[in-house]
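Enquirer: Sending over final-v6.cif (mmCIF, C-alpha atoms and all ligand atoms; chains and numbers go by the auth columns).
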data_my_file
loop_
_atom_site.group_PDB
_atom_site.id
_atom_site.type_symbol
_atom_site.label_atom_id
_atom_site.label_comp_id
_atom_site.label_asym_id
_atom_site.label_seq_id
_atom_site.Cartn_x
_atom_site.Cartn_y
_atom_site.Cartn_z
_atom_site.B_iso_or_equiv
_atom_site.auth_seq_id
_atom_site.auth_asym_id
ATOM 1 C CA THR A 1 -93.289 98.999 169.624 0.00 1 U
ATOM 2 C CA MET A 2 -91.345 96.912 172.064 0.00 2 U
ATOM 3 C CA LYS A 3 -89.013 98.806 174.391 0.00 3 U
ATOM 4 C CA ILE A 4 -85.725 97.422 175.662 0.00 4 U
ATOM 5 C CA VAL A 5 -86.211 96.195 179.217 0.00 5 U
ATOM 6 C CA ASN A 6 -84.828 93.225 181.141 0.00 6 U
ATOM 7 C CA ASP A 7 -85.363 89.826 179.522 0.00 7 U
ATOM 8 C CA LYS A 8 -85.577 91.159 175.965 0.00 8 U
ATOM 9 C CA VAL A 9 -83.216 89.858 173.296 0.00 9 U
ATOM 10 C CA VAL A 10 -81.748 92.862 171.513 0.00 10 U
ATOM 11 C CA GLY A 11 -79.920 93.007 168.194 0.00 11 U
ATOM 12 C CA ILE A 12 -77.507 95.876 167.611 0.00 12 U
ATOM 13 C CA HIS A 13 -75.098 97.007 164.972 0.00 13 U
ATOM 14 C CA TYR A 14 -72.293 98.870 166.650 0.00 14 U
ATOM 15 C CA THR A 15 -69.015 100.619 166.113 0.00 15 U
ATOM 16 C CA LEU A 16 -66.610 101.100 169.000 0.00 16 U
ATOM 17 C CA LYS A 17 -63.938 103.787 168.887 0.00 17 U
ATOM 18 C CA ASP A 18 -61.413 105.003 171.412 0.00 18 U
ATOM 19 C CA ALA A 19 -61.059 108.616 172.557 0.00 19 U
ATOM 20 C CA SER A 20 -58.853 109.507 169.582 0.00 20 U
ATOM 21 C CA GLY A 21 -61.406 108.186 167.096 0.00 21 U
ATOM 22 C CA ASP A 22 -59.592 104.991 166.179 0.00 22 U
ATOM 23 C CA GLN A 23 -61.965 102.119 165.503 0.00 23 U
ATOM 24 C CA LEU A 24 -61.526 99.224 167.952 0.00 24 U
ATOM 25 C CA ASP A 25 -64.376 96.979 166.905 0.00 25 U
ATOM 26 C CA THR A 26 -67.476 96.915 164.712 0.00 26 U
ATOM 27 C CA SER A 27 -70.296 94.601 163.698 0.00 27 U
ATOM 28 C CA ASP A 28 -70.334 96.175 160.222 0.00 28 U
ATOM 29 C CA GLY A 29 -70.298 93.595 157.484 0.00 29 U
ATOM 30 C CA GLY A 30 -71.527 90.849 159.782 0.00 30 U
ATOM 31 C CA ASP A 31 -74.609 89.876 161.730 0.00 31 U
ATOM 32 C CA PRO A 32 -75.861 92.212 164.437 0.00 32 U
ATOM 33 C CA LEU A 33 -74.667 91.419 167.946 0.00 33 U
ATOM 34 C CA ARG A 34 -77.516 89.848 169.923 0.00 34 U
ATOM 35 C CA TYR A 35 -77.570 90.020 173.722 0.00 35 U
ATOM 36 C CA LEU A 36 -79.954 89.397 176.591 0.00 36 U
ATOM 37 C CA HIS A 37 -80.792 92.728 178.215 0.00 37 U
ATOM 38 C CA GLY A 38 -80.250 92.835 181.981 0.00 38 U
ATOM 39 C CA ALA A 39 -77.954 89.807 182.055 0.00 39 U
ATOM 40 C CA GLY A 40 -74.614 91.618 181.944 0.00 40 U
ATOM 41 C CA ASN A 41 -73.762 90.224 178.495 0.00 41 U
ATOM 42 C CA ILE A 42 -72.408 93.626 177.399 0.00 42 U
ATOM 43 C CA VAL A 43 -70.568 96.377 179.279 0.00 43 U
ATOM 44 C CA GLU A 44 -72.711 98.019 181.938 0.00 44 U
ATOM 45 C CA GLY A 45 -72.579 101.548 180.508 0.00 45 U
ATOM 46 C CA LEU A 46 -73.791 100.431 177.087 0.00 46 U
ATOM 47 C CA GLU A 47 -76.560 98.292 178.580 0.00 47 U
ATOM 48 C CA LYS A 48 -77.771 101.307 180.593 0.00 48 U
ATOM 49 C CA ALA A 49 -77.725 103.556 177.520 0.00 49 U
ATOM 50 C CA LEU A 50 -79.883 101.097 175.555 0.00 50 U
ATOM 51 C CA ALA A 51 -82.578 100.742 178.230 0.00 51 U
ATOM 52 C CA ASP A 52 -86.036 101.912 177.089 0.00 52 U
ATOM 53 C CA LYS A 53 -84.892 102.361 173.481 0.00 53 U
ATOM 54 C CA GLU A 54 -86.557 100.489 170.594 0.00 54 U
ATOM 55 C CA LYS A 55 -85.943 99.044 167.141 0.00 55 U
ATOM 56 C CA GLY A 56 -84.533 101.623 164.728 0.00 56 U
ATOM 57 C CA ASP A 57 -83.189 103.934 167.438 0.00 57 U
ATOM 58 C CA GLN A 58 -79.623 105.156 167.146 0.00 58 U
ATOM 59 C CA VAL A 59 -77.616 105.604 170.311 0.00 59 U
ATOM 60 C CA GLN A 60 -74.290 107.333 170.732 0.00 60 U
ATOM 61 C CA VAL A 61 -72.717 106.962 174.136 0.00 61 U
ATOM 62 C CA VAL A 62 -69.344 107.419 175.779 0.00 62 U
ATOM 63 C CA VAL A 63 -68.837 104.739 178.425 0.00 63 U
ATOM 64 C CA GLU A 64 -66.280 105.624 181.095 0.00 64 U
ATOM 65 C CA PRO A 65 -63.947 102.852 182.362 0.00 65 U
ATOM 66 C CA ALA A 66 -65.906 102.338 185.607 0.00 66 U
ATOM 67 C CA GLU A 67 -68.878 101.129 183.537 0.00 67 U
ATOM 68 C CA GLY A 68 -66.727 99.685 180.761 0.00 68 U
ATOM 69 C CA TYR A 69 -63.712 97.406 181.188 0.00 69 U
ATOM 70 C CA GLY A 70 -62.600 98.928 184.490 0.00 70 U
ATOM 71 C CA GLU A 71 -59.884 101.334 185.514 0.00 71 U
ATOM 72 C CA TYR A 72 -56.317 100.387 184.687 0.00 72 U
ATOM 73 C CA ASN A 73 -54.890 98.605 187.735 0.00 73 U
ATOM 74 C CA GLU A 74 -51.091 98.801 188.135 0.00 74 U
ATOM 75 C CA GLY A 75 -51.345 95.921 190.622 0.00 75 U
ATOM 76 C CA LEU A 76 -52.309 93.552 187.815 0.00 76 U
ATOM 77 C CA LYS A 77 -48.938 94.171 186.189 0.00 77 U
ATOM 78 C CA GLN A 78 -46.328 91.732 187.446 0.00 78 U
ATOM 79 C CA SER A 79 -42.702 90.975 186.919 0.00 79 U
ATOM 80 C CA VAL A 80 -42.158 87.230 186.697 0.00 80 U
ATOM 81 C CA PRO A 81 -38.842 85.347 186.585 0.00 81 U
ATOM 82 C CA LYS A 82 -38.241 83.998 183.116 0.00 82 U
ATOM 83 C CA ALA A 83 -37.740 80.573 184.659 0.00 83 U
ATOM 84 C CA ALA A 84 -41.473 80.463 185.334 0.00 84 U
ATOM 85 C CA PHE A 85 -41.984 80.181 181.574 0.00 85 U
ATOM 86 C CA GLU A 86 -39.869 77.056 181.277 0.00 86 U
ATOM 87 C CA GLY A 87 -41.071 74.985 178.345 0.00 87 U
ATOM 88 C CA VAL A 88 -42.593 77.933 176.513 0.00 88 U
ATOM 89 C CA ASP A 89 -40.852 78.479 173.202 0.00 89 U
ATOM 90 C CA ASN A 90 -41.776 81.996 172.287 0.00 90 U
ATOM 91 C CA ILE A 91 -42.031 84.543 175.075 0.00 91 U
ATOM 92 C CA GLU A 92 -42.520 87.770 173.229 0.00 92 U
ATOM 93 C CA VAL A 93 -44.327 91.035 173.716 0.00 93 U
ATOM 94 C CA GLY A 94 -47.998 90.539 172.891 0.00 94 U
ATOM 95 C CA ALA A 95 -48.097 86.827 173.742 0.00 95 U
ATOM 96 C CA GLN A 96 -51.088 85.800 175.870 0.00 96 U
ATOM 97 C CA PHE A 97 -51.120 83.291 178.696 0.00 97 U
ATOM 98 C CA GLU A 98 -53.559 81.953 181.234 0.00 98 U
ATOM 99 C CA ALA A 99 -52.076 82.632 184.662 0.00 99 U
ATOM 100 C CA GLN A 100 -53.197 81.402 188.062 0.00 100 U
ATOM 101 C CA SER A 101 -53.987 84.134 190.569 0.00 101 U
ATOM 102 C CA ASP A 102 -55.682 84.324 193.969 0.00 102 U
ATOM 103 C CA ASN A 103 -58.917 84.967 192.063 0.00 103 U
ATOM 104 C CA GLY A 104 -58.588 82.004 189.709 0.00 104 U
ATOM 105 C CA ALA A 105 -57.332 81.887 186.137 0.00 105 U
ATOM 106 C CA VAL A 106 -56.740 85.241 184.466 0.00 106 U
ATOM 107 C CA SER A 107 -55.671 86.087 180.959 0.00 107 U
ATOM 108 C CA VAL A 108 -52.418 88.037 180.887 0.00 108 U
ATOM 109 C CA VAL A 109 -50.450 89.573 178.062 0.00 109 U
ATOM 110 C CA VAL A 110 -46.660 89.907 177.938 0.00 110 U
ATOM 111 C CA THR A 111 -45.662 93.584 177.837 0.00 111 U
ATOM 112 C CA GLU A 112 -41.872 93.413 178.412 0.00 112 U
ATOM 113 C CA VAL A 113 -39.197 90.757 178.067 0.00 113 U
ATOM 114 C CA SER A 114 -35.715 91.178 179.496 0.00 114 U
ATOM 115 C CA GLU A 115 -32.891 88.745 180.108 0.00 115 U
ATOM 116 C CA ASP A 116 -34.190 87.352 183.404 0.00 116 U
ATOM 117 C CA THR A 117 -37.696 88.653 183.779 0.00 117 U
ATOM 118 C CA VAL A 118 -40.960 88.901 181.912 0.00 118 U
ATOM 119 C CA VAL A 119 -43.570 91.570 182.659 0.00 119 U
ATOM 120 C CA VAL A 120 -47.154 90.390 182.282 0.00 120 U
ATOM 121 C CA ASP A 121 -50.282 92.551 182.460 0.00 121 U
ATOM 122 C CA GLY A 122 -53.619 91.113 183.631 0.00 122 U
ATOM 123 C CA ASN A 123 -55.664 94.203 182.778 0.00 123 U
ATOM 124 C CA HIS A 124 -58.315 93.939 180.071 0.00 124 U
ATOM 125 C CA PRO A 125 -56.822 95.427 176.880 0.00 125 U
ATOM 126 C CA LEU A 126 -59.462 98.197 177.049 0.00 126 U
ATOM 127 C CA ALA A 127 -59.091 98.906 180.789 0.00 127 U
ATOM 128 C CA GLY A 128 -58.801 102.614 181.544 0.00 128 U
ATOM 129 C CA GLN A 129 -60.254 103.609 178.187 0.00 129 U
ATOM 130 C CA ALA A 130 -63.399 105.580 177.483 0.00 130 U
ATOM 131 C CA LEU A 131 -65.464 103.574 175.001 0.00 131 U
ATOM 132 C CA HIS A 132 -67.192 105.567 172.253 0.00 132 U
ATOM 133 C CA PHE A 133 -70.128 103.501 170.984 0.00 133 U
ATOM 134 C CA ASP A 134 -72.284 104.260 167.986 0.00 134 U
ATOM 135 C CA VAL A 135 -75.195 101.825 167.988 0.00 135 U
ATOM 136 C CA THR A 136 -78.261 101.109 165.834 0.00 136 U
ATOM 137 C CA ILE A 137 -80.918 98.834 167.305 0.00 137 U
ATOM 138 C CA THR A 138 -81.925 96.282 164.679 0.00 138 U
ATOM 139 C CA ASP A 139 -84.461 94.188 166.582 0.00 139 U
ATOM 140 C CA VAL A 140 -86.037 93.572 169.972 0.00 140 U
ATOM 141 C CA ARG A 141 -87.905 90.418 170.974 0.00 141 U
ATOM 142 C CA ASP A 142 -88.978 88.567 174.089 0.00 142 U
ATOM 143 C CA ALA A 143 -86.408 86.114 175.399 0.00 143 U
ATOM 144 C CA SER A 144 -87.472 82.485 175.795 0.00 144 U
ATOM 145 C CA GLU A 145 -87.685 81.006 179.293 0.00 145 U
ATOM 146 C CA GLU A 146 -84.611 78.949 178.483 0.00 146 U
ATOM 147 C CA GLU A 147 -82.617 82.019 177.431 0.00 147 U
ATOM 148 C CA ILE A 148 -83.616 83.810 180.645 0.00 148 U
ATOM 149 C CA ALA A 149 -82.631 80.765 182.712 0.00 149 U
ATOM 150 C CA HIS A 150 -79.264 80.506 180.955 0.00 150 U
ATOM 151 C CA GLY A 151 -78.570 84.244 180.959 0.00 151 U
ATOM 152 C CA HIS A 152 -77.674 84.387 177.266 0.00 152 U
ATOM 153 C CA VAL A 153 -79.153 84.351 173.777 0.00 153 U
ATOM 154 C CA HIS A 154 -79.632 81.092 171.876 0.00 154 U
HETATM 155 ZN ZN ZN B . -77.778 78.425 176.941 0.00 201 F
#
Represent the structure from my file as structure tokens, please.
Expert:
Amino acid sequence: TMKIVNDKVVGIHYTLKDASGDQLDTSDGGDPLRYLHGAGNIVEGLEKALADKEKGDQVQVVVEPAEGYGEYNEGLKQSVPKAAFEGVDNIEVGAQFEAQSDNGAVSVVVTEVSEDTVVVDGNHPLAGQALHFDVTITDVRDASEEEIAHGHVH
């Protein structure tokens, strides 16, 4: 059987839970997720855990933030004058915006709204969280030259 190494296209069914067992995401009821192994298409810790496995294998892994969506960074939380949102109708907690930063465009979510200021958070929603994955490998195949060149599955 074909083992999972770089440049293989891998299909997985997965369930992702947080540390308290709440389900965050799953492929159940849909197609398996397909990714190109070694191309950074999925979080690093999960990619590492799947290396050398093969079709039919089940993998349970806890991915720590450093190899998941990163540690929570207080510095990515910013208080912005409400005036900066001029022209935006609904500034409410949970609203998402693209913001310009020194590192280019980042997605931020509004976490607090007060009379004059809005607090936005540029952390990934799963930053700082341990990711509990339960994965079944559904298929493994060679990637095409085009897929390898593009760094993703077609
Ligand atoms: Zn492509």
Enquirer: Using all atoms listed in the file, find the one residue out of U:Lys55, U:His132, U:Lys82, U:Lys48 that sits nearest to Ile12 in chain U.
Expert: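 Among the listed residues, the smallest separation from Ile12 in chain U belongs to U:Lys55.
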Enquirer: Please, what distance in Å, to one decimal, runs between CA of Glu44 in chain U and CA of Val5 in chain U?
Expert: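 Between these atoms lies a distance of 13.9 Å.
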Enquirer: Show me, as a tab-separated table, the residues of chain U having an atom within 7 Å of ligand ZN 201 (chain F), each with the closest atom pair and its distance in Å, using only C-alpha atoms and all ligand atoms.
Expert:
residue	atom	partner	partner_atom	distance
U:Glu147	CA	F:ZN201	ZN	6.0
U:His150	CA	F:ZN201	ZN	4.8
U:His152	CA	F:ZN201	ZN	6.0
U:Val153	CA	F:ZN201	ZN	6.9
U:His154	CA	F:ZN201	ZN	6.0
Enquirer: Using all atoms listed in the file, give me every residue within 10 Å of (-66.6, 102.7, 185.6) in file coordinates, as a list in words.
Expert: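 Looking at atoms near the point gives Val43, Glu44, Gly45, Val63, Glu64, Pro65, Ala66, Glu67, Gly68, Tyr69, Gly70, Glu71, Ala127, Gly128, Gln129 and Ala130 of chain U.
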Enquirer: Can you tell me, as a list in words, what residues are no more than 8 Å from range 133-138 of chain U when counting all atoms listed in the file, ignoring any on the same chain fewer than 5 positions away?
Expert: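 Neighbouring residues, sequence-local ones excluded: Val10, Gly11, Ile12, His13, Tyr14, Thr15, Leu16, Lys17, Pro32, Leu46, Glu54, Lys55, Gly56, Asp57, Gln58, Val59, Gln60, Val61, Val62 and Val63 of chain U.
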Enquirer: Excluding range 85-100 of chain U and residues on its chain fewer than 3 positions from it, collect all residues at most 10 Å away from it, counting all atoms listed in the file, and give them as a list in words.
Expert: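 With the cut-off at 10 Å, the set is Val80, Pro81, Lys82, Asn103, Gly104, Ala105, Val106, Ser107, Val108, Val109, Val110, Thr111, Glu112, Val113, Ser114, Thr117, Val118, Val119, Val120, Asp121 and Gly122 of chain U.
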Enquirer: Find the distance between CA of Leu33 in chain U and CA of Asn73 in chain U and write it in Å to one decimal.
Expert: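 A separation of 28.9 Å between them.
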Enquirer: How many Å separate CA of Ser101 in chain U from CA of Leu131 in chain U?
Expert: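 Straight-line distance from CA of Ser101 in chain U to CA of Leu131 in chain U works out to 27.4 Å.
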Enquirer: Which residue gives the smallest distance to Ala149 in chain U among U:Gly75, U:Asp25, U:Asp52, U:Leu36, with all atoms listed in the file counted?
Expert: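 Closest to Ala149 in chain U, using all atoms listed in the file: U:Leu36.
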Enquirer: Set up a box along x, y and z of the file covering all listed atoms of range 41-47 of chain U, add 4 Å on every one of the six sides, and write the centre and edge lengths in Å to one decimal, as lines of an AutoDock Vina configuration file.
Expert:
center_x = -73.6
center_y = 95.9
center_z = 179.5
size_x = 14.0
size_y = 19.3
size_z = 12.9
Enquirer: Given the choices U:Gln23, U:Asp116, U:Lys53, U:Gln78, which gets closest to Thr1 in chain U if the distance is worked out from all atoms listed in the file?
Expert: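 Among the listed residues, the smallest separation from Thr1 in chain U belongs to U:Lys53.
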Enquirer: Just so the selection is clear, what residues does the PyMOL selection byres (((chain U and resi 140) around 6) and not hetatm) cover here, as a list in words?
Expert: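 Output from the PyMOL selection byres (((chain U and resi 140) around 6) and not hetatm), applied to this file: Val9, Val10, Asp139 and Arg141 of chain U.
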Enquirer: Output the residue selection produced by the PyMOL selection byres (((chain U and resi 37) around 9) and not hetatm) on the file above, formatted as an MDAnalysis selection string.
Expert: chainID U and resid 4:10 35:36 38:42 47 50:51 152
Enquirer: Counting all atoms listed in the file, which residue out of U:Leu126, U:Tyr72, U:Lys3, U:Asp31 sits closest to Ala19 in chain U?
Expert: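 Closest to Ala19 in chain U of all the choices is U:Leu126.
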Enquirer: Looking at U:Lys77, U:Ile148, U:Ala83, U:Asp102, which one is nearest to Asn123 in chain U, with distances taken over only C-alpha atoms?
Expert: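 Closest residue, counting only C-alpha atoms: U:Lys77.
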Enquirer: Take range 85-96 of chain U, bring it up to all heavy atoms, and give me the output as a PDB file, in the coordinates of the input.
Expert:
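Contents of out.pdb, as written:
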ATOM      1  N   PHE U  85     -41.454  80.475 182.912  1.00  0.00           N
ATOM      2  CA  PHE U  85     -41.984  80.181 181.574  1.00  0.00           C
ATOM      3  C   PHE U  85     -41.255  79.004 180.931  1.00  0.00           C
ATOM      4  O   PHE U  85     -41.291  78.830 179.715  1.00  0.00           O
ATOM      5  CB  PHE U  85     -41.873  81.418 180.678  1.00  0.00           C
ATOM      6  CG  PHE U  85     -42.839  82.503 181.061  1.00  0.00           C
ATOM      7  CD1 PHE U  85     -42.530  83.392 182.071  1.00  0.00           C
ATOM      8  CD2 PHE U  85     -44.067  82.613 180.427  1.00  0.00           C
ATOM      9  CE1 PHE U  85     -43.418  84.391 182.436  1.00  0.00           C
ATOM     10  CE2 PHE U  85     -44.971  83.615 180.784  1.00  0.00           C
ATOM     11  CZ  PHE U  85     -44.639  84.508 181.793  1.00  0.00           C
ATOM     12  N   GLU U  86     -40.603  78.211 181.775  1.00  0.00           N
ATOM     13  CA  GLU U  86     -39.869  77.056 181.277  1.00  0.00           C
ATOM     14  C   GLU U  86     -40.772  76.197 180.393  1.00  0.00           C
ATOM     15  O   GLU U  86     -41.919  75.920 180.746  1.00  0.00           O
ATOM     16  CB  GLU U  86     -39.377  76.220 182.468  1.00  0.00           C
ATOM     17  CG  GLU U  86     -38.237  75.301 182.118  1.00  0.00           C
ATOM     18  CD  GLU U  86     -37.763  74.512 183.337  1.00  0.00           C
ATOM     19  OE1 GLU U  86     -38.044  74.959 184.466  1.00  0.00           O
ATOM     20  OE2 GLU U  86     -37.151  73.470 183.122  1.00  0.00           O
ATOM     21  N   GLY U  87     -40.279  75.826 179.240  1.00  0.00           N
ATOM     22  CA  GLY U  87     -41.071  74.985 178.345  1.00  0.00           C
ATOM     23  C   GLY U  87     -41.867  75.777 177.327  1.00  0.00           C
ATOM     24  O   GLY U  87     -42.434  75.211 176.396  1.00  0.00           O
ATOM     25  N   VAL U  88     -41.908  77.095 177.495  1.00  0.00           N
ATOM     26  CA  VAL U  88     -42.593  77.933 176.513  1.00  0.00           C
ATOM     27  C   VAL U  88     -41.567  78.421 175.493  1.00  0.00           C
ATOM     28  O   VAL U  88     -40.548  79.003 175.857  1.00  0.00           O
ATOM     29  CB  VAL U  88     -43.278  79.144 177.193  1.00  0.00           C
ATOM     30  CG1 VAL U  88     -43.979  80.014 176.152  1.00  0.00           C
ATOM     31  CG2 VAL U  88     -44.259  78.681 178.254  1.00  0.00           C
ATOM     32  N   ASP U  89     -41.833  78.144 174.241  1.00  0.00           N
ATOM     33  CA  ASP U  89     -40.852  78.479 173.202  1.00  0.00           C
ATOM     34  C   ASP U  89     -40.714  79.975 172.952  1.00  0.00           C
ATOM     35  O   ASP U  89     -39.624  80.517 172.974  1.00  0.00           O
ATOM     36  CB  ASP U  89     -41.221  77.784 171.879  1.00  0.00           C
ATOM     37  CG  ASP U  89     -40.968  76.291 171.962  1.00  0.00           C
ATOM     38  OD1 ASP U  89     -40.163  75.881 172.833  1.00  0.00           O
ATOM     39  OD2 ASP U  89     -41.578  75.541 171.186  1.00  0.00           O
ATOM     40  N   ASN U  90     -41.820  80.596 172.688  1.00  0.00           N
ATOM     41  CA  ASN U  90     -41.776  81.996 172.287  1.00  0.00           C
ATOM     42  C   ASN U  90     -42.377  82.911 173.338  1.00  0.00           C
ATOM     43  O   ASN U  90     -43.584  83.060 173.428  1.00  0.00           O
ATOM     44  CB  ASN U  90     -42.545  82.203 170.977  1.00  0.00           C
ATOM     45  CG  ASN U  90     -41.690  81.853 169.781  1.00  0.00           C
ATOM     46  OD1 ASN U  90     -40.503  82.159 169.755  1.00  0.00           O
ATOM     47  ND2 ASN U  90     -42.303  81.201 168.803  1.00  0.00           N
ATOM     48  N   ILE U  91     -41.538  83.524 174.159  1.00  0.00           N
ATOM     49  CA  ILE U  91     -42.031  84.543 175.075  1.00  0.00           C
ATOM     50  C   ILE U  91     -41.732  85.871 174.425  1.00  0.00           C
ATOM     51  O   ILE U  91     -40.586  86.309 174.372  1.00  0.00           O
ATOM     52  CB  ILE U  91     -41.321  84.485 176.435  1.00  0.00           C
ATOM     53  CG1 ILE U  91     -41.331  83.052 176.960  1.00  0.00           C
ATOM     54  CG2 ILE U  91     -42.002  85.410 177.439  1.00  0.00           C
ATOM     55  CD1 ILE U  91     -40.424  82.881 178.156  1.00  0.00           C
ATOM     56  N   GLU U  92     -42.757  86.482 173.868  1.00  0.00           N
ATOM     57  CA  GLU U  92     -42.520  87.770 173.229  1.00  0.00           C
ATOM     58  C   GLU U  92     -43.630  88.735 173.583  1.00  0.00           C
ATOM     59  O   GLU U  92     -44.711  88.317 174.013  1.00  0.00           O
ATOM     60  CB  GLU U  92     -42.383  87.608 171.713  1.00  0.00           C
ATOM     61  CG  GLU U  92     -43.500  86.814 171.086  1.00  0.00           C
ATOM     62  CD  GLU U  92     -43.238  86.482 169.621  1.00  0.00           C
ATOM     63  OE1 GLU U  92     -42.075  86.440 169.209  1.00  0.00           O
ATOM     64  OE2 GLU U  92     -44.222  86.263 168.906  1.00  0.00           O
ATOM     65  N   VAL U  93     -43.338  90.014 173.406  1.00  0.00           N
ATOM     66  CA  VAL U  93     -44.327  91.035 173.716  1.00  0.00           C
ATOM     67  C   VAL U  93     -45.587  90.773 172.891  1.00  0.00           C
ATOM     68  O   VAL U  93     -45.517  90.534 171.690  1.00  0.00           O
ATOM     69  CB  VAL U  93     -43.758  92.443 173.438  1.00  0.00           C
ATOM     70  CG1 VAL U  93     -44.843  93.513 173.569  1.00  0.00           C
ATOM     71  CG2 VAL U  93     -42.595  92.743 174.387  1.00  0.00           C
ATOM     72  N   GLY U  94     -46.726  90.778 173.572  1.00  0.00           N
ATOM     73  CA  GLY U  94     -47.998  90.539 172.891  1.00  0.00           C
ATOM     74  C   GLY U  94     -48.520  89.125 173.083  1.00  0.00           C
ATOM     75  O   GLY U  94     -49.698  88.864 172.847  1.00  0.00           O
ATOM     76  N   ALA U  95     -47.654  88.201 173.526  1.00  0.00           N
ATOM     77  CA  ALA U  95     -48.097  86.827 173.742  1.00  0.00           C
ATOM     78  C   ALA U  95     -49.077  86.773 174.919  1.00  0.00           C
ATOM     79  O   ALA U  95     -48.923  87.502 175.890  1.00  0.00           O
ATOM     80  CB  ALA U  95     -46.901  85.931 174.021  1.00  0.00           C
ATOM     81  N   GLN U  96     -50.089  85.916 174.807  1.00  0.00           N
ATOM     82  CA  GLN U  96     -51.088  85.800 175.870  1.00  0.00           C
ATOM     83  C   GLN U  96     -50.966  84.464 176.570  1.00  0.00           C
ATOM     84  O   GLN U  96     -50.708  83.445 175.952  1.00  0.00           O
ATOM     85  CB  GLN U  96     -52.493  85.931 175.277  1.00  0.00           C
ATOM     86  CG  GLN U  96     -52.771  87.330 174.776  1.00  0.00           C
ATOM     87  CD  GLN U  96     -54.221  87.556 174.431  1.00  0.00           C
ATOM     88  OE1 GLN U  96     -54.966  86.603 174.232  1.00  0.00           O
ATOM     89  NE2 GLN U  96     -54.608  88.814 174.364  1.00  0.00           N
TER      90      GLN U  96
END
